Amino acid sequence: MSSFPRNFWWGAATAAYQVEGAAAEDGRGPSVWDTFSRTPGRVMGGDTGDIACDHYHRLEEDVGLMAELGIGHYRFSISWPRVMPDGRGAVNERGVDFYRRLVDLLLRHGIVPHATLFHWDSPQALEDRYGSWRSREMAKDFAEYCSAVVGRLGDRVTHWMTINEIRCFTHMGYGVNELPPHAPGTVLPSRKELLQTVHHALLAHGLGCQAIRAVSPAPCHVSLVDNFDAYVPVIETPEHIDAARRAFVGEHLNGCILVPALTGSYGARALEELGPDAPDILPGDMQTIAQPLDALGFNVYTGHYVRAADNPRGYEVLPLPENYPRMHMPWLHLLPEALYWGARLIGDALRKPALPVFISENGCACEDARGPGGEIIDLGRILYGRAYLRSALRAVADGIPLIGYFHWSLMDNFEWAWGYSRRFGLIYVDYATGARVPKQSFRWYHNVIRSNRVV
Ligand code: GCO
């Protein structure tokens, strides 16, 4: 099989806080990332999302570049505090108007909008009110926010994603201080409290699904986006494949996020390992969490090698050596088979063979620099992209219901605690002038889309 299916989604992805800027414009309220990035020492170089890529003021130019790239789908996120400055209650219609302008431009260019309702920039007002994800209130407020957005944009947007990467704003937002953490960067006193934030995020996802489907004026497509751990058999033989299957459901993070979201139960081994630190679960919670999904968004960058082992778990995860090939991020190890095995194990290990999967993010940071003629010849990104797309094609050829691919990212942007020091874009952004310069990988991806093959 050398081509992707005719109706395969070819897209690119961004997120509100990373590209929009206009942090205090037209009634937008502060998010925890505004607070976090303005706290000295939290973000590399003291960078903030105050301006970012100034996407808020450059919609026509940016959607024009999307059309030039040739994508048929665009994934963006909606800023909760831009729509609800206090996190609940009053809706800021000028904030909603920005997303109306964006969506109308996309539709005019024949590009399908895919909206993520939560991509980490939660309202500071709710952090102040009850500590955000530490409270069950957050799940209810999230559902109210979803209703407000879908009630206003549901006539134009039919592809919704509830929440992006639960682990990042819970474990990394409330559980670490030494790594580049995520906002709000609070270290909770116990693992149980930390896991309770994960449970509240799962509840928010479930209530958000219900709210979207209740309010949408048209039939719509609802997904969860997760960067679940992809386990790759070190040798693709039955014993190691079985080891990867065991790890997929047995390891803690998948067992406490993807597994409950898709099956309605926390992974047995994960719960056993958690013991008294397991989250408090109220009657009905698990049914709320495991809402039927139209698809699963899979954010894949790297993975883990696994081999069969003579131990009680039957497998061992192999640490990557220091000199293992990686891109321009310490965690971004080159492991294209993670895309194939991650997509396959959803069906194999979770017995969800019919659940459509789309790659909601895949891409890499490279040390992009403008050459003498001003061009950016980012060959490393092409190497990376080709390798992962070949893995995607293998999944499709094997009958795995992989329905689309969104490249991360359309343009260079604010890379969270790394600030602007890391470039993931197909388009280079000159932050001093705001100029956009398509990279060599932009032309490569344009040809992939046009030929529907890996070229
Ligand atoms: C994520 C986030 C993106 C990141 C990208 C590179 O998946 O971590 O969704 O916002 O910028 O993945 O780290």
# chains A, B, ... in the order shown; residues from 1 in each chain; ligands from 1
$ residues_around --residues "Ala395 in chain A" --least-positions-apart "5" --cutoff "9 Å" --atoms "only C-alpha atoms" --output "mmCIF file with N, CA and C atoms, in the first residue's frame"
data_model
loop_
_atom_site.group_PDB
_atom_site.id
_atom_site.type_symbol
_atom_site.label_atom_id
_atom_site.label_comp_id
_atom_site.auth_asym_id
_atom_site.auth_seq_id
_atom_site.Cartn_x
_atom_site.Cartn_y
_atom_site.Cartn_z
ATOM 1 N N LEU A 339 4.194 5.184 16.663
ATOM 2 C CA LEU A 339 2.904 5.562 16.037
ATOM 3 C C LEU A 339 2.129 4.297 15.684
ATOM 4 N N TYR A 340 2.770 3.350 15.030
ATOM 5 C CA TYR A 340 2.088 2.105 14.632
ATOM 6 C C TYR A 340 1.608 1.335 15.844
ATOM 7 N N TRP A 341 2.498 1.100 16.813
ATOM 8 C CA TRP A 341 2.134 0.241 17.950
ATOM 9 C C TRP A 341 1.162 0.934 18.887
ATOM 10 N N ALA A 343 -1.206 3.040 17.961
ATOM 11 C CA ALA A 343 -2.526 2.934 17.311
ATOM 12 C C ALA A 343 -3.023 1.487 17.351
ATOM 13 N N ARG A 344 -2.099 0.537 17.151
ATOM 14 C CA ARG A 344 -2.528 -0.878 17.123
ATOM 15 C C ARG A 344 -2.960 -1.362 18.500
ATOM 16 N N ARG A 390 5.509 6.833 7.460
ATOM 17 C CA ARG A 390 5.625 5.446 6.988
ATOM 18 C C ARG A 390 5.039 4.491 8.029
ATOM 19 N N ILE A 400 -5.750 -0.971 10.630
ATOM 20 C CA ILE A 400 -6.032 -0.173 11.844
ATOM 21 C C ILE A 400 -6.795 1.084 11.413
ATOM 22 N N PRO A 401 -7.886 1.428 12.112
ATOM 23 C CA PRO A 401 -8.723 2.561 11.660
ATOM 24 C C PRO A 401 -8.089 3.923 11.948
ATOM 25 N N LEU A 402 -6.942 4.168 11.287
ATOM 26 C CA LEU A 402 -6.257 5.454 11.434
ATOM 27 C C LEU A 402 -6.832 6.401 10.393
#
$ select_by_dssp --residues "range 203-390 of chain A" --states "strand (DSSP E or B)" --output "ChimeraX atom specification"
/A:221-226,231-233,295-299,304-308,315-318,326,333,357-362,366
$ atom_distance --atom1 "CA of Gly87 in chain A" --atom2 "CA of Asp141 in chain A"
7.0 Å
$ closest_residue --among "A:Pro292, A:Pro219, A:Gly284, A:Pro181" --to "ligand 1" --atoms "only C-alpha atoms and all ligand atoms"
A:Pro181
$ residues_near_ligand --ligand "ligand 1" --cutoff "7 Å" --atoms "only C-alpha atoms and all ligand atoms" --output "list in words"
Ala15, His119, Asn164, Glu165, Asn227, Asn299, Glu361, Trp408, Glu415 and Trp416 of chain A
$ write_last_selection --atoms "N, CA and C atoms" --output "short mmCIF file (atom, residue, chain, number, x, y, z; two decimals), in the first residue's frame"
data_model
loop_
_atom_site.label_atom_id
_atom_site.label_comp_id
_atom_site.auth_asym_id
_atom_site.auth_seq_id
_atom_site.Cartn_x
_atom_site.Cartn_y
_atom_site.Cartn_z
N ALA A 15 -2.24 25.53 19.38
CA ALA A 15 -3.02 25.67 20.62
C ALA A 15 -3.06 27.14 20.99
N HIS A 119 -6.76 23.15 26.24
CA HIS A 119 -5.34 22.86 25.97
C HIS A 119 -4.50 23.62 26.98
N ASN A 164 -6.85 18.04 26.10
CA ASN A 164 -5.55 17.65 25.54
C ASN A 164 -4.59 17.19 26.65
N GLU A 165 -4.18 15.95 26.56
CA GLU A 165 -3.07 15.42 27.39
C GLU A 165 -3.25 15.65 28.88
N ASN A 227 -1.71 11.80 25.09
CA ASN A 227 -0.34 11.38 24.73
C ASN A 227 0.00 10.14 25.54
N ASN A 299 -1.63 11.87 20.46
CA ASN A 299 -0.44 12.74 20.32
C ASN A 299 0.80 11.87 20.48
N GLU A 361 -1.36 15.00 17.10
CA GLU A 361 -0.08 15.73 17.07
C GLU A 361 1.07 14.78 16.75
N TRP A 408 2.28 18.57 14.22
CA TRP A 408 2.58 19.61 15.22
C TRP A 408 3.93 20.20 14.88
N GLU A 415 6.65 27.19 23.35
CA GLU A 415 6.77 25.80 23.76
C GLU A 415 6.80 25.68 25.27
N TRP A 416 5.73 26.21 25.91
CA TRP A 416 5.54 26.10 27.36
C TRP A 416 6.78 26.52 28.15
#
$ closest_atom_pairs --of "range 25-84 of chain A" --to "range 184-202 of chain A" --cutoff "12 Å" --atoms "only C-alpha atoms" --output "Markdown table"
| residue | atom | partner | partner_atom | distance |
| --- | --- | --- | --- | --- |
| A:Ser31 | CA | A:Pro184 | CA | 9.5 |
| A:Val32 | CA | A:Pro184 | CA | 5.7 |
| A:Trp33 | CA | A:Pro184 | CA | 7.1 |
| A:Asp34 | CA | A:Pro184 | CA | 9.7 |
| A:Thr35 | CA | A:Pro184 | CA | 7.9 |
| A:Phe36 | CA | A:Pro184 | CA | 6.1 |
| A:Ser37 | CA | A:Pro184 | CA | 9.6 |
| A:Arg38 | CA | A:Pro184 | CA | 11.4 |
| A:Thr39 | CA | A:Pro184 | CA | 10.3 |
| A:Gly41 | CA | A:Gly185 | CA | 11.6 |
| A:Arg42 | CA | A:Gly185 | CA | 8.5 |
| A:Val43 | CA | A:Gly185 | CA | 11.1 |
$ decode --residues "range 349-379 of chain A" --atoms "N, CA and C atoms" --output "PDB file, in the first residue's frame"
ATOM      1  N   ALA A 349      -5.042  -4.164  22.861  1.00  0.00           N
ATOM      2  CA  ALA A 349      -4.962  -4.289  24.328  1.00  0.00           C
ATOM      3  C   ALA A 349      -6.236  -3.808  25.015  1.00  0.00           C
ATOM      4  N   LEU A 350      -6.923  -2.844  24.387  1.00  0.00           N
ATOM      5  CA  LEU A 350      -8.137  -2.317  25.024  1.00  0.00           C
ATOM      6  C   LEU A 350      -9.395  -2.878  24.368  1.00  0.00           C
ATOM      7  N   ARG A 351      -9.199  -3.821  23.460  1.00  0.00           N
ATOM      8  CA  ARG A 351     -10.335  -4.424  22.743  1.00  0.00           C
ATOM      9  C   ARG A 351     -11.257  -3.348  22.168  1.00  0.00           C
ATOM     10  N   LYS A 352     -10.618  -2.402  21.486  1.00  0.00           N
ATOM     11  CA  LYS A 352     -11.375  -1.350  20.802  1.00  0.00           C
ATOM     12  C   LYS A 352     -10.966  -1.301  19.330  1.00  0.00           C
ATOM     13  N   PRO A 353     -11.028  -2.437  18.643  1.00  0.00           N
ATOM     14  CA  PRO A 353     -10.489  -2.477  17.266  1.00  0.00           C
ATOM     15  C   PRO A 353     -11.229  -1.544  16.305  1.00  0.00           C
ATOM     16  N   ALA A 354     -12.445  -1.176  16.657  1.00  0.00           N
ATOM     17  CA  ALA A 354     -13.224  -0.362  15.704  1.00  0.00           C
ATOM     18  C   ALA A 354     -13.134   1.127  16.020  1.00  0.00           C
ATOM     19  N   LEU A 355     -12.487   1.481  17.134  1.00  0.00           N
ATOM     20  CA  LEU A 355     -12.431   2.902  17.501  1.00  0.00           C
ATOM     21  C   LEU A 355     -11.495   3.661  16.555  1.00  0.00           C
ATOM     22  N   PRO A 356     -12.022   4.590  15.775  1.00  0.00           N
ATOM     23  CA  PRO A 356     -11.133   5.354  14.886  1.00  0.00           C
ATOM     24  C   PRO A 356     -10.105   6.136  15.707  1.00  0.00           C
ATOM     25  N   VAL A 357      -8.915   6.235  15.142  1.00  0.00           N
ATOM     26  CA  VAL A 357      -7.812   6.963  15.785  1.00  0.00           C
ATOM     27  C   VAL A 357      -7.284   7.988  14.792  1.00  0.00           C
ATOM     28  N   PHE A 358      -6.976   9.183  15.283  1.00  0.00           N
ATOM     29  CA  PHE A 358      -6.255  10.107  14.404  1.00  0.00           C
ATOM     30  C   PHE A 358      -5.048  10.626  15.168  1.00  0.00           C
ATOM     31  N   ILE A 359      -3.990  10.894  14.432  1.00  0.00           N
ATOM     32  CA  ILE A 359      -2.788  11.453  15.062  1.00  0.00           C
ATOM     33  C   ILE A 359      -3.059  12.944  15.232  1.00  0.00           C
ATOM     34  N   SER A 360      -3.354  13.329  16.478  1.00  0.00           N
ATOM     35  CA  SER A 360      -3.735  14.726  16.730  1.00  0.00           C
ATOM     36  C   SER A 360      -2.507  15.626  16.849  1.00  0.00           C
ATOM     37  N   GLU A 361      -1.358  14.995  17.103  1.00  0.00           N
ATOM     38  CA  GLU A 361      -0.082  15.734  17.075  1.00  0.00           C
ATOM     39  C   GLU A 361       1.068  14.781  16.753  1.00  0.00           C
ATOM     40  N   ASN A 362       1.920  15.186  15.853  1.00  0.00           N
ATOM     41  CA  ASN A 362       3.198  14.508  15.622  1.00  0.00           C
ATOM     42  C   ASN A 362       4.106  15.530  14.967  1.00  0.00           C
ATOM     43  N   GLY A 363       5.318  15.628  15.465  1.00  0.00           N
ATOM     44  CA  GLY A 363       6.269  16.564  14.872  1.00  0.00           C
ATOM     45  C   GLY A 363       7.490  16.641  15.761  1.00  0.00           C
ATOM     46  N   CYS A 364       8.378  17.552  15.448  1.00  0.00           N
ATOM     47  CA  CYS A 364       9.607  17.614  16.241  1.00  0.00           C
ATOM     48  C   CYS A 364      10.176  19.028  16.261  1.00  0.00           C
ATOM     49  N   ALA A 365      10.994  19.254  17.270  1.00  0.00           N
ATOM     50  CA  ALA A 365      11.747  20.513  17.338  1.00  0.00           C
ATOM     51  C   ALA A 365      13.093  20.281  16.650  1.00  0.00           C
ATOM     52  N   CYS A 366      13.477  21.242  15.848  1.00  0.00           N
ATOM     53  CA  CYS A 366      14.808  21.199  15.220  1.00  0.00           C
ATOM     54  C   CYS A 366      15.463  22.562  15.454  1.00  0.00           C
ATOM     55  N   GLU A 367      16.787  22.577  15.376  1.00  0.00           N
ATOM     56  CA  GLU A 367      17.492  23.867  15.546  1.00  0.00           C
ATOM     57  C   GLU A 367      17.455  24.608  14.221  1.00  0.00           C
ATOM     58  N   ASP A 368      16.280  25.115  13.887  1.00  0.00           N
ATOM     59  CA  ASP A 368      16.065  25.769  12.593  1.00  0.00           C
ATOM     60  C   ASP A 368      16.769  27.121  12.559  1.00  0.00           C
ATOM     61  N   ALA A 369      17.520  27.319  11.492  1.00  0.00           N
ATOM     62  CA  ALA A 369      18.162  28.643  11.354  1.00  0.00           C
ATOM     63  C   ALA A 369      18.015  29.087   9.897  1.00  0.00           C
ATOM     64  N   ARG A 370      17.899  30.388   9.703  1.00  0.00           N
ATOM     65  CA  ARG A 370      17.753  30.909   8.337  1.00  0.00           C
ATOM     66  C   ARG A 370      19.115  30.876   7.655  1.00  0.00           C
ATOM     67  N   GLY A 371      19.127  30.259   6.456  1.00  0.00           N
ATOM     68  CA  GLY A 371      20.381  30.177   5.689  1.00  0.00           C
ATOM     69  C   GLY A 371      20.703  31.525   5.046  1.00  0.00           C
ATOM     70  N   PRO A 372      21.806  31.558   4.285  1.00  0.00           N
ATOM     71  CA  PRO A 372      22.243  32.825   3.674  1.00  0.00           C
ATOM     72  C   PRO A 372      21.126  33.481   2.824  1.00  0.00           C
ATOM     73  N   GLY A 373      20.349  32.631   2.131  1.00  0.00           N
ATOM     74  CA  GLY A 373      19.295  33.207   1.277  1.00  0.00           C
ATOM     75  C   GLY A 373      18.007  33.425   2.055  1.00  0.00           C
ATOM     76  N   GLY A 374      18.076  33.164   3.371  1.00  0.00           N
ATOM     77  CA  GLY A 374      16.866  33.372   4.180  1.00  0.00           C
ATOM     78  C   GLY A 374      16.011  32.130   4.276  1.00  0.00           C
ATOM     79  N   GLU A 375      16.424  31.056   3.556  1.00  0.00           N
ATOM     80  CA  GLU A 375      15.624  29.818   3.602  1.00  0.00           C
ATOM     81  C   GLU A 375      15.914  29.042   4.886  1.00  0.00           C
ATOM     82  N   ILE A 376      14.958  28.202   5.283  1.00  0.00           N
ATOM     83  CA  ILE A 376      15.189  27.283   6.408  1.00  0.00           C
ATOM     84  C   ILE A 376      15.086  25.859   5.846  1.00  0.00           C
ATOM     85  N   ILE A 377      16.220  25.224   5.712  1.00  0.00           N
ATOM     86  CA  ILE A 377      16.251  23.880   5.118  1.00  0.00           C
ATOM     87  C   ILE A 377      16.261  22.862   6.263  1.00  0.00           C
ATOM     88  N   ASP A 378      15.076  22.571   6.781  1.00  0.00           N
ATOM     89  CA  ASP A 378      14.967  21.747   7.994  1.00  0.00           C
ATOM     90  C   ASP A 378      14.856  20.259   7.636  1.00  0.00           C
ATOM     91  N   LEU A 379      15.978  19.702   7.224  1.00  0.00           N
ATOM     92  CA  LEU A 379      16.016  18.310   6.743  1.00  0.00           C
ATOM     93  C   LEU A 379      15.718  17.324   7.867  1.00  0.00           C
TER      94      LEU A 379
END
